[in-house]
file start-v8.cif (mmCIF, C-alpha atoms)
data_target
#
loop_
_atom_site.label_atom_id
_atom_site.label_comp_id
_atom_site.auth_asym_id
_atom_site.auth_seq_id
_atom_site.Cartn_x
_atom_site.Cartn_y
_atom_site.Cartn_z
CA MET A 1 0.00 0.00 0.00
CA GLN A 2 1.27 3.45 -0.84
CA LEU A 3 1.48 5.74 2.17
CA ASN A 4 -0.04 8.71 0.33
CA ARG A 5 -3.36 6.82 0.43
CA ILE A 6 -3.44 7.12 4.25
CA THR A 7 -4.36 10.11 6.45
CA PRO A 8 -3.61 9.91 10.18
CA LEU A 9 -6.47 11.16 12.40
CA ILE A 10 -5.59 12.36 15.91
CA LEU A 11 -7.81 13.65 18.73
CA THR A 12 -6.19 16.16 21.08
CA TYR A 13 -6.91 17.89 24.34
CA ASN A 14 -3.89 19.17 26.30
CA GLU A 15 -1.49 16.66 24.75
CA ALA A 16 1.67 18.80 24.86
CA PRO A 17 3.70 16.13 26.72
CA ASN A 18 3.04 13.59 23.95
CA LEU A 19 2.57 15.31 20.60
CA LYS A 20 6.14 15.88 19.46
CA ARG A 21 7.04 12.21 19.71
CA THR A 22 3.82 11.13 18.03
CA LEU A 23 4.15 13.59 15.14
CA ALA A 24 7.83 12.82 14.65
CA ALA A 25 6.85 9.23 13.84
CA LEU A 26 4.38 10.50 11.21
CA SER A 27 6.84 12.45 9.05
CA TRP A 28 5.87 10.17 6.14
CA ALA A 29 2.27 11.45 6.14
CA GLN A 30 1.40 14.05 3.50
CA HIS A 31 -1.60 15.21 5.53
CA ILE A 32 -2.61 14.76 9.19
CA VAL A 33 -6.06 15.71 10.50
CA VAL A 34 -6.26 16.79 14.15
CA ILE A 35 -9.54 17.32 16.00
CA ASP A 36 -8.81 19.48 19.02
CA SER A 37 -11.21 19.99 21.93
CA TYR A 38 -9.99 23.53 22.68
CA SER A 39 -6.70 22.69 24.36
CA THR A 40 -5.43 25.16 26.95
CA ASP A 41 -1.79 24.04 27.10
CA ALA A 42 0.88 24.22 24.36
CA THR A 43 -0.86 21.66 22.13
CA LEU A 44 -1.97 24.12 19.45
CA ASP A 45 1.39 25.87 19.41
CA ILE A 46 3.16 22.55 18.86
CA LEU A 47 0.78 21.59 16.06
CA SER A 48 1.33 24.92 14.31
CA HIS A 49 4.94 23.95 13.61
CA TYR A 50 3.93 21.00 11.42
CA PRO A 51 2.91 22.10 7.90
CA ASN A 52 1.26 18.75 7.11
CA VAL A 53 -1.20 19.15 10.03
CA THR A 54 -4.70 20.60 9.63
CA ILE A 55 -6.48 21.47 12.88
CA TYR A 56 -10.24 21.44 13.36
CA LYS A 57 -11.66 22.59 16.69
CA ARG A 58 -14.79 20.99 18.10
CA PRO A 59 -16.24 21.06 21.64
CA PHE A 60 -15.89 17.62 23.18
CA ASP A 61 -19.03 15.54 23.69
CA SER A 62 -17.70 12.01 23.19
CA PHE A 63 -14.69 10.30 21.65
CA ALA A 64 -16.93 8.60 19.11
CA GLN A 65 -18.45 11.84 17.86
CA GLN A 66 -15.03 13.51 17.68
CA CYS A 67 -13.78 10.63 15.51
CA ASN A 68 -16.86 10.66 13.27
CA PHE A 69 -16.42 14.41 12.82
CA GLY A 70 -12.78 13.85 11.91
CA LEU A 71 -13.67 11.26 9.27
CA THR A 72 -15.72 13.86 7.40
CA HIS A 73 -12.51 15.84 6.85
CA ILE A 74 -10.48 12.97 5.40
CA SER A 75 -10.37 12.57 1.62
CA THR A 76 -7.93 9.66 1.30
CA GLU A 77 -9.06 6.07 0.88
CA TRP A 78 -7.54 4.98 4.19
CA THR A 79 -7.54 6.45 7.70
CA LEU A 80 -5.02 5.70 10.45
CA SER A 81 -6.83 6.62 13.69
CA LEU A 82 -4.36 7.38 16.48
CA ASP A 83 -4.42 8.59 20.04
CA ALA A 84 -2.09 11.51 20.66
CA ASP A 85 0.24 9.24 22.67
CA TYR A 86 0.59 6.50 20.02
CA LEU A 87 4.04 5.88 18.51
CA VAL A 88 4.02 4.43 15.00
CA SER A 89 7.06 2.21 14.45
CA THR A 90 9.10 1.80 11.27
CA ALA A 91 8.23 -1.92 11.36
CA PHE A 92 4.53 -1.05 11.27
CA ILE A 93 5.02 1.29 8.31
CA SER A 94 7.04 -1.35 6.47
CA GLU A 95 4.26 -3.89 7.05
CA ILE A 96 1.68 -1.51 5.58
CA GLN A 97 3.85 -0.82 2.54
CA ALA A 98 4.25 -4.57 2.02
CA LEU A 99 0.49 -5.16 1.73
CA SER A 100 -0.12 -6.53 -1.74
CA GLU A 101 -2.76 -5.09 -4.04
CA PRO A 102 -5.64 -5.47 -4.33
CA ILE A 103 -6.30 -5.26 -0.61
CA SER A 104 -9.33 -7.39 0.19
CA SER A 105 -9.78 -6.24 3.81
CA ASP A 106 -11.56 -3.02 4.80
CA GLY A 107 -9.77 -2.63 8.12
CA PHE A 108 -6.84 -3.93 10.14
CA LYS A 109 -6.45 -4.68 13.84
CA ILE A 110 -3.13 -3.55 15.28
CA PRO A 111 -1.51 -4.82 18.51
CA LEU A 112 -0.67 -2.12 21.07
CA ARG A 113 2.40 -2.14 23.29
CA TYR A 114 1.91 -0.16 26.51
CA CYS A 115 4.87 1.88 27.72
CA VAL A 116 5.52 3.32 31.18
CA PHE A 117 7.94 6.25 31.23
CA GLY A 118 9.06 5.11 27.78
CA TYR A 119 9.67 1.49 28.84
CA PRO A 120 7.65 -1.05 26.78
CA LEU A 121 5.95 -3.62 28.99
CA ARG A 122 5.91 -7.33 28.22
CA GLY A 123 2.14 -7.59 28.35
CA THR A 124 -0.81 -5.38 29.26
CA LEU A 125 -4.60 -5.31 29.18
CA LEU A 126 -4.69 -3.44 25.86
CA PRO A 127 -6.38 -5.55 23.17
CA PRO A 128 -5.57 -5.06 19.47
CA ARG A 129 -7.49 -2.13 18.01
CA THR A 130 -8.86 -1.52 14.53
CA ILE A 131 -7.12 1.75 13.71
CA LEU A 132 -6.34 1.36 9.99
CA TYR A 133 -9.41 1.20 7.77
CA ARG A 134 -11.10 2.42 4.63
CA THR A 135 -12.50 5.83 5.45
CA ILE A 136 -15.94 5.33 3.92
CA LYS A 137 -16.38 1.98 5.68
CA ALA A 138 -15.96 3.26 9.25
CA HIS A 139 -18.33 4.60 11.88
CA TYR A 140 -17.65 5.11 15.60
CA PHE A 141 -19.93 4.45 18.56
CA GLN A 142 -19.47 4.95 22.30
CA ASP A 143 -19.12 1.93 24.62
CA GLY A 144 -18.88 3.14 28.19
CA HIS A 145 -15.80 5.35 28.38
CA ALA A 146 -14.30 3.71 25.28
CA HIS A 147 -15.03 4.41 21.63
CA ARG A 148 -15.31 1.58 19.14
CA VAL A 149 -15.18 1.61 15.37
CA GLN A 150 -17.59 -0.43 13.30
CA ILE A 151 -16.25 -1.46 9.90
CA ASP A 152 -18.68 -2.23 7.10
CA GLY A 153 -16.62 -5.08 5.73
CA SER A 154 -13.88 -7.53 6.62
CA VAL A 155 -11.16 -6.86 9.20
CA ALA A 156 -7.74 -8.55 9.12
CA SER A 157 -4.79 -8.31 11.51
CA LEU A 158 -1.31 -6.85 11.26
CA HIS A 159 1.54 -8.02 13.46
CA SER A 160 3.79 -5.00 14.11
CA PRO A 161 2.73 -3.21 17.31
CA ILE A 162 2.16 0.49 17.88
CA GLY A 163 3.46 1.97 21.12
CA HIS A 164 1.12 3.56 23.68
CA ASP A 165 3.35 5.96 25.61
CA ASP A 166 1.44 8.55 27.64
CA ARG A 167 3.78 11.01 29.39
CA LYS A 168 1.13 13.18 31.02
CA PRO A 169 1.42 13.41 34.85
CA LEU A 170 -0.33 11.06 37.24
CA SER A 171 -2.70 13.86 38.27
CA HIS A 172 -4.09 13.95 34.73
CA TRP A 173 -4.48 10.17 34.72
CA LEU A 174 -6.49 10.36 37.95
CA TRP A 175 -8.69 13.12 36.49
CA ALA A 176 -9.35 11.04 33.38
CA GLN A 177 -10.06 7.85 35.35
CA ASN A 178 -12.66 9.66 37.42
CA ARG A 179 -14.51 10.61 34.23
CA TYR A 180 -14.10 7.14 32.74
CA ALA A 181 -15.41 5.45 35.90
CA ALA A 182 -18.58 7.56 35.81
CA LEU A 183 -19.22 6.49 32.20
CA GLU A 184 -18.57 2.85 33.05
CA VAL A 185 -21.04 2.99 35.96
CA LYS A 186 -23.67 4.30 33.57
CA LYS A 187 -22.92 1.51 31.09
CA LEU A 188 -23.05 -1.20 33.77
CA SER A 189 -26.32 0.21 35.12
CA ILE A 190 -28.25 0.28 31.85
CA THR A 191 -26.89 -2.89 30.19
CA PRO A 192 -28.76 -6.13 30.97
CA ASN A 193 -26.55 -8.59 32.81
CA HIS A 194 -26.79 -11.24 30.09
CA GLN A 195 -25.32 -8.75 27.60
CA LEU A 196 -22.25 -8.02 29.73
CA GLY A 197 -18.92 -9.71 29.18
CA LEU A 198 -17.12 -11.62 31.91
CA ALA A 199 -14.93 -8.67 32.85
CA ASP A 200 -17.94 -6.37 33.37
CA LYS A 201 -19.74 -9.04 35.40
CA ILE A 202 -16.71 -9.24 37.68
CA ARG A 203 -16.70 -5.44 37.99
CA LYS A 204 -20.31 -5.48 39.15
CA THR A 205 -19.32 -7.56 42.18
CA LYS A 206 -17.39 -4.45 43.38
CA ILE A 207 -14.97 -6.64 45.36
CA LEU A 208 -13.31 -9.03 42.95
CA ALA A 209 -12.18 -6.78 40.09
CA PRO A 210 -9.38 -4.78 41.82
CA PHE A 211 -7.67 -7.91 43.15
CA PHE A 212 -8.26 -9.88 39.97
CA VAL A 213 -6.73 -7.19 37.73
CA LEU A 214 -3.68 -6.82 40.00
CA PHE A 215 -2.99 -10.56 39.84
CA TYR A 216 -3.78 -10.70 36.12
CA CYS A 217 -1.35 -7.89 35.26
CA LEU A 218 1.50 -9.00 37.50
CA ILE A 219 1.38 -12.76 36.95
CA PHE A 220 -0.60 -13.65 33.83
CA LYS A 221 0.67 -10.69 31.77
CA GLY A 222 4.13 -10.78 33.32
CA SER A 223 4.30 -7.18 34.54
CA VAL A 224 6.17 -8.34 37.63
CA LEU A 225 9.14 -8.99 35.32
CA ASP A 226 9.15 -5.34 34.20
CA GLY A 227 10.35 -4.04 37.56
CA TRP A 228 8.86 -0.84 38.95
CA CYS A 229 7.35 0.07 35.57
CA GLY A 230 5.36 -3.16 35.71
CA TRP A 231 4.26 -2.54 39.28
CA TYR A 232 3.32 1.05 38.33
CA TYR A 233 1.08 -0.23 35.54
CA ALA A 234 -0.49 -2.95 37.72
CA PHE A 235 -1.18 -0.47 40.53
CA GLN A 236 -2.73 1.95 38.00
CA ARG A 237 -5.10 -0.70 36.70
CA MET A 238 -5.98 -1.80 40.24
CA LEU A 239 -6.65 1.81 41.25
CA ALA A 240 -8.89 2.30 38.23
CA GLU A 241 -10.95 -0.72 39.30
CA ILE A 242 -11.08 0.49 42.92
CA LEU A 243 -12.39 3.86 41.73
CA LEU A 244 -15.08 2.13 39.67
CA ALA A 245 -16.05 -0.06 42.64
CA LEU A 246 -16.36 3.01 44.88
CA LYS A 247 -18.61 4.72 42.34
CA LEU A 248 -20.78 1.61 42.06
CA ILE A 249 -21.12 1.46 45.86
CA GLU A 250 -21.89 5.18 45.97
CA LYS A 251 -24.60 4.75 43.32
CA ASP A 252 -26.25 1.94 45.31
CA PHE A 253 -26.49 4.14 48.43
CA LEU A 254 -27.67 7.26 46.60
CA GLU A 255 -30.47 5.56 44.67
#
call {"tool": "encode", "arguments": {"input": "start-v8.cif", "output": "structure tokens"}}
result
Amino acid sequence: MQLNRITPLILTYNEAPNLKRTLAALSWAQHIVVIDSYSTDATLDILSHYPNVTIYKRPFDSFAQQCNFGLTHISTEWTLSLDADYLVSTAFISEIQALSEPISSDGFKIPLRYCVFGYPLRGTLLPPRTILYRTIKAHYFQDGHAHRVQIDGSVASLHSPIGHDDRKPLSHWLWAQNRYAALEVKKLSITPNHQLGLADKIRKTKILAPFFVLFYCLIFKGSVLDGWCGWYYAFQRMLAEILLALKLIEKDFLE
């Protein structure tokens, strides 16, 4: 596949600690579309130094709607949808270029490699994500705090991972997790139990999820072998589940 057929799409809100590294890995892109939710840090100033970046500002309502808005501003056949802390590797680009024509798939799932302070972990909870797809075949919808893309066609898998390397401070992570937990509580409350996956059913117990995710990250995913970076990640995921459990308990008492 020729790279000029792909436009990276990035959502931003106060992403100054991440943007330079992310954009540096996209020097091959002729055009990058950024949807900014009125950042108040140096994000817009950083973006202004990249001539291949076009910025569109839109008040944030949901990740899904921001992405769908972004897709309306992409004219290339393919979109590469990235978070502002994603690092595209040369191996990933080489794998895309090696795709033989005609390409029968309408989207591709990409493995993600979580990094802590720049250190790539052996294994994390991040599943592969469909982030490369034909623009006209894609539509986003909200699923709790997460946004999912629905592809009208077949989806294949690529093997070269993309790095997820968020360098924003812990205070920002805590702020974001508080918002995410509120959205997850709403999702768990309105979704019938038989429609929930195993992970969400465990979360609804309020007790099991924090301890389960700590064990899962450290032992099953091998984070214990990553030293303090692995413990940092495992503690983060445990804390996120504790926050969700507290909000579920709070909801039960306030109803």
call {"tool": "closest_residue", "arguments": {"input": "start-v8.cif", "among": "A:Ile32, A:Val116, A:Cys67, A:Leu248", "to": "Trp231 of chain A", "atoms": "only C-alpha atoms"}}
result
A:Val116
call {"tool": "closest_residue", "arguments": {"input": "start-v8.cif", "among": "A:Leu183, A:Ala42, A:Ile242, A:Cys229", "to": "Pro210 of chain A", "atoms": "all atoms listed in the file"}}
result
A:Ile242
call {"tool": "resolve_selection", "arguments": {"input": "start-v8.cif", "expression": "the PyMOL selection byres ((chain A and resi 140) around 10)", "output": "list in words"}}
result
Phe63, Ala64, Gln65, Gln66, Cys67, Asn68, Phe69, Leu71, Ala138, His139, Phe141, Gln142, Asp143, His147, Arg148, Val149, Gln150 and Ile151 of chain A
call {"tool": "residues_around", "arguments": {"input": "start-v8.cif", "residues": "Glu95 of chain A", "least_positions_apart": "5", "cutoff": "12 Å", "atoms": "all atoms listed in the file", "output": "PyMOL selection string"}}
result
chain A and resi 1-3+88-90+100+108+110+157-162
call {"tool": "resolve_selection", "arguments": {"input": "start-v8.cif", "expression": "the PyMOL selection byres ((chain A and resi 115) around 10)", "output": "list in words"}}
result
Tyr86, Leu112, Arg113, Tyr114, Val116, Phe117, Gly118, Tyr119, Pro120, Leu121, Arg122, Gly123, Thr124, Gly163, His164, Asp165, Asp166, Arg167, Cys229, Gly230 and Tyr233 of chain A
call {"tool": "resolve_selection", "arguments": {"input": "start-v8.cif", "expression": "the PyMOL selection byres ((chain A and resi 27) around 12)", "output": "list in words"}}
result
Leu3, Asn4, Thr7, Pro8, Lys20, Arg21, Thr22, Leu23, Ala24, Ala25, Leu26, Trp28, Ala29, Gln30, His31, Ile32, Tyr50, Pro51, Asn52, Val53, Leu87, Val88, Ser89, Thr90 and Ile93 of chain A
call {"tool": "atom_distance", "arguments": {"input": "start-v8.cif", "atom1": "atom CA of Gln236 of chain A", "atom2": "atom CA of Leu82 of chain A"}}
result
22.3 Å
call {"tool": "atom_distance", "arguments": {"input": "start-v8.cif", "atom1": "atom CA of Leu198 of chain A", "atom2": "atom CA of Val213 of chain A"}}
result
12.7 Å
call {"tool": "closest_residue", "arguments": {"input": "start-v8.cif", "among": "A:Leu243, A:Ala181, A:Leu218, A:Ala98", "to": "His145 of chain A", "atoms": "all atoms listed in the file"}}
result
A:Ala181
call {"tool": "atom_distance", "arguments": {"input": "start-v8.cif", "atom1": "atom CA of Ala209 of chain A", "atom2": "atom CA of Tyr180 of chain A"}}
result
15.9 Å
call {"tool": "residues_near_point", "arguments": {"input": "start-v8.cif", "point": "(-2.5, 13.2, 28.5)", "cutoff": "10 Å", "atoms": "all atoms listed in the file", "output": "MDAnalysis selection string"}}
result
chainID A and resid 12:19 83:85 165:173 176
call {"tool": "closest_residue", "arguments": {"input": "start-v8.cif", "among": "A:Ala91, A:Leu47, A:Ile35, A:Leu246", "to": "Ile207 of chain A", "atoms": "all atoms listed in the file"}}
result
A:Leu246
call {"tool": "closest_residue", "arguments": {"input": "start-v8.cif", "among": "A:Leu132, A:Ser48, A:Lys206, A:His73", "to": "Phe92 of chain A", "atoms": "only C-alpha atoms"}}
result
A:Leu132
call {"tool": "build_atoms", "arguments": {"input": "start-v8.cif", "residues": "segment 58-69 of chain A", "atoms": "all heavy atoms", "output": "PDB file, in the frame of the given file"}}
result
ATOM      1  N   ARG A  58     -13.411  21.415  17.842  1.00  0.00           N
ATOM      2  CA  ARG A  58     -14.790  20.990  18.100  1.00  0.00           C
ATOM      3  C   ARG A  58     -14.958  20.760  19.592  1.00  0.00           C
ATOM      4  O   ARG A  58     -14.150  20.070  20.209  1.00  0.00           O
ATOM      5  CB  ARG A  58     -15.118  19.704  17.342  1.00  0.00           C
ATOM      6  CG  ARG A  58     -16.563  19.223  17.505  1.00  0.00           C
ATOM      7  CD  ARG A  58     -16.781  17.944  16.685  1.00  0.00           C
ATOM      8  NE  ARG A  58     -18.181  17.532  16.717  1.00  0.00           N
ATOM      9  CZ  ARG A  58     -18.723  16.765  17.661  1.00  0.00           C
ATOM     10  NH1 ARG A  58     -17.964  16.314  18.663  1.00  0.00           N
ATOM     11  NH2 ARG A  58     -19.999  16.436  17.620  1.00  0.00           N
ATOM     12  N   PRO A  59     -16.008  21.323  20.207  1.00  0.00           N
ATOM     13  CA  PRO A  59     -16.240  21.060  21.640  1.00  0.00           C
ATOM     14  C   PRO A  59     -16.432  19.562  21.867  1.00  0.00           C
ATOM     15  O   PRO A  59     -17.125  18.883  21.101  1.00  0.00           O
ATOM     16  CB  PRO A  59     -17.525  21.843  21.946  1.00  0.00           C
ATOM     17  CG  PRO A  59     -17.611  22.875  20.874  1.00  0.00           C
ATOM     18  CD  PRO A  59     -17.011  22.248  19.647  1.00  0.00           C
ATOM     19  N   PHE A  60     -15.832  19.058  22.921  1.00  0.00           N
ATOM     20  CA  PHE A  60     -15.890  17.620  23.180  1.00  0.00           C
ATOM     21  C   PHE A  60     -17.251  17.211  23.722  1.00  0.00           C
ATOM     22  O   PHE A  60     -17.770  17.816  24.660  1.00  0.00           O
ATOM     23  CB  PHE A  60     -14.805  17.230  24.190  1.00  0.00           C
ATOM     24  CG  PHE A  60     -14.736  15.752  24.454  1.00  0.00           C
ATOM     25  CD1 PHE A  60     -13.994  14.925  23.633  1.00  0.00           C
ATOM     26  CD2 PHE A  60     -15.425  15.190  25.512  1.00  0.00           C
ATOM     27  CE1 PHE A  60     -13.939  13.554  23.866  1.00  0.00           C
ATOM     28  CE2 PHE A  60     -15.378  13.828  25.758  1.00  0.00           C
ATOM     29  CZ  PHE A  60     -14.624  13.005  24.927  1.00  0.00           C
ATOM     30  N   ASP A  61     -17.831  16.174  23.119  1.00  0.00           N
ATOM     31  CA  ASP A  61     -19.030  15.540  23.690  1.00  0.00           C
ATOM     32  C   ASP A  61     -18.768  14.058  23.940  1.00  0.00           C
ATOM     33  O   ASP A  61     -19.126  13.532  24.978  1.00  0.00           O
ATOM     34  CB  ASP A  61     -20.265  15.756  22.810  1.00  0.00           C
ATOM     35  CG  ASP A  61     -20.000  15.466  21.346  1.00  0.00           C
ATOM     36  OD1 ASP A  61     -18.927  14.933  21.012  1.00  0.00           O
ATOM     37  OD2 ASP A  61     -20.888  15.772  20.521  1.00  0.00           O
ATOM     38  N   SER A  62     -18.113  13.403  22.985  1.00  0.00           N
ATOM     39  CA  SER A  62     -17.700  12.010  23.190  1.00  0.00           C
ATOM     40  C   SER A  62     -16.568  11.714  22.213  1.00  0.00           C
ATOM     41  O   SER A  62     -16.423  12.373  21.178  1.00  0.00           O
ATOM     42  CB  SER A  62     -18.855  11.037  22.964  1.00  0.00           C
ATOM     43  OG  SER A  62     -19.180  10.953  21.585  1.00  0.00           O
ATOM     44  N   PHE A  63     -15.771  10.702  22.552  1.00  0.00           N
ATOM     45  CA  PHE A  63     -14.690  10.300  21.650  1.00  0.00           C
ATOM     46  C   PHE A  63     -15.249   9.847  20.313  1.00  0.00           C
ATOM     47  O   PHE A  63     -14.674  10.136  19.255  1.00  0.00           O
ATOM     48  CB  PHE A  63     -13.866   9.180  22.286  1.00  0.00           C
ATOM     49  CG  PHE A  63     -13.017   9.624  23.443  1.00  0.00           C
ATOM     50  CD1 PHE A  63     -13.343   9.259  24.742  1.00  0.00           C
ATOM     51  CD2 PHE A  63     -11.898  10.410  23.239  1.00  0.00           C
ATOM     52  CE1 PHE A  63     -12.558   9.662  25.811  1.00  0.00           C
ATOM     53  CE2 PHE A  63     -11.106  10.822  24.302  1.00  0.00           C
ATOM     54  CZ  PHE A  63     -11.443  10.453  25.592  1.00  0.00           C
ATOM     55  N   ALA A  64     -16.354   9.125  20.347  1.00  0.00           N
ATOM     56  CA  ALA A  64     -16.930   8.600  19.110  1.00  0.00           C
ATOM     57  C   ALA A  64     -17.341   9.734  18.175  1.00  0.00           C
ATOM     58  O   ALA A  64     -17.050   9.701  16.969  1.00  0.00           O
ATOM     59  CB  ALA A  64     -18.134   7.713  19.433  1.00  0.00           C
ATOM     60  N   GLN A  65     -18.010  10.742  18.711  1.00  0.00           N
ATOM     61  CA  GLN A  65     -18.450  11.840  17.860  1.00  0.00           C
ATOM     62  C   GLN A  65     -17.276  12.668  17.345  1.00  0.00           C
ATOM     63  O   GLN A  65     -17.314  13.187  16.220  1.00  0.00           O
ATOM     64  CB  GLN A  65     -19.436  12.729  18.633  1.00  0.00           C
ATOM     65  CG  GLN A  65     -20.765  12.067  18.922  1.00  0.00           C
ATOM     66  CD  GLN A  65     -21.437  11.525  17.664  1.00  0.00           C
ATOM     67  OE1 GLN A  65     -21.463  12.177  16.623  1.00  0.00           O
ATOM     68  NE2 GLN A  65     -21.968  10.309  17.752  1.00  0.00           N
ATOM     69  N   GLN A  66     -16.221  12.806  18.159  1.00  0.00           N
ATOM     70  CA  GLN A  66     -15.030  13.510  17.680  1.00  0.00           C
ATOM     71  C   GLN A  66     -14.416  12.756  16.492  1.00  0.00           C
ATOM     72  O   GLN A  66     -14.009  13.373  15.498  1.00  0.00           O
ATOM     73  CB  GLN A  66     -14.001  13.643  18.802  1.00  0.00           C
ATOM     74  CG  GLN A  66     -14.405  14.530  19.965  1.00  0.00           C
ATOM     75  CD  GLN A  66     -14.544  15.994  19.591  1.00  0.00           C
ATOM     76  OE1 GLN A  66     -15.597  16.414  19.127  1.00  0.00           O
ATOM     77  NE2 GLN A  66     -13.499  16.757  19.816  1.00  0.00           N
ATOM     78  N   CYS A  67     -14.341  11.428  16.605  1.00  0.00           N
ATOM     79  CA  CYS A  67     -13.780  10.630  15.510  1.00  0.00           C
ATOM     80  C   CYS A  67     -14.657  10.706  14.256  1.00  0.00           C
ATOM     81  O   CYS A  67     -14.142  10.864  13.139  1.00  0.00           O
ATOM     82  CB  CYS A  67     -13.628   9.182  15.947  1.00  0.00           C
ATOM     83  SG  CYS A  67     -12.258   8.885  17.091  1.00  0.00           S
ATOM     84  N   ASN A  68     -15.970  10.585  14.425  1.00  0.00           N
ATOM     85  CA  ASN A  68     -16.860  10.660  13.270  1.00  0.00           C
ATOM     86  C   ASN A  68     -16.761  12.016  12.586  1.00  0.00           C
ATOM     87  O   ASN A  68     -16.792  12.109  11.345  1.00  0.00           O
ATOM     88  CB  ASN A  68     -18.307  10.389  13.701  1.00  0.00           C
ATOM     89  CG  ASN A  68     -18.549   8.929  14.039  1.00  0.00           C
ATOM     90  OD1 ASN A  68     -17.914   8.038  13.479  1.00  0.00           O
ATOM     91  ND2 ASN A  68     -19.456   8.676  14.972  1.00  0.00           N
ATOM     92  N   PHE A  69     -16.618  13.076  13.377  1.00  0.00           N
ATOM     93  CA  PHE A  69     -16.420  14.410  12.820  1.00  0.00           C
ATOM     94  C   PHE A  69     -15.113  14.458  12.035  1.00  0.00           C
ATOM     95  O   PHE A  69     -15.044  15.014  10.936  1.00  0.00           O
ATOM     96  CB  PHE A  69     -16.406  15.445  13.944  1.00  0.00           C
ATOM     97  CG  PHE A  69     -16.094  16.844  13.493  1.00  0.00           C
ATOM     98  CD1 PHE A  69     -17.042  17.601  12.841  1.00  0.00           C
ATOM     99  CD2 PHE A  69     -14.845  17.398  13.739  1.00  0.00           C
ATOM    100  CE1 PHE A  69     -16.761  18.901  12.425  1.00  0.00           C
ATOM    101  CE2 PHE A  69     -14.544  18.691  13.335  1.00  0.00           C
ATOM    102  CZ  PHE A  69     -15.505  19.443  12.674  1.00  0.00           C
TER     103      PHE A  69
END
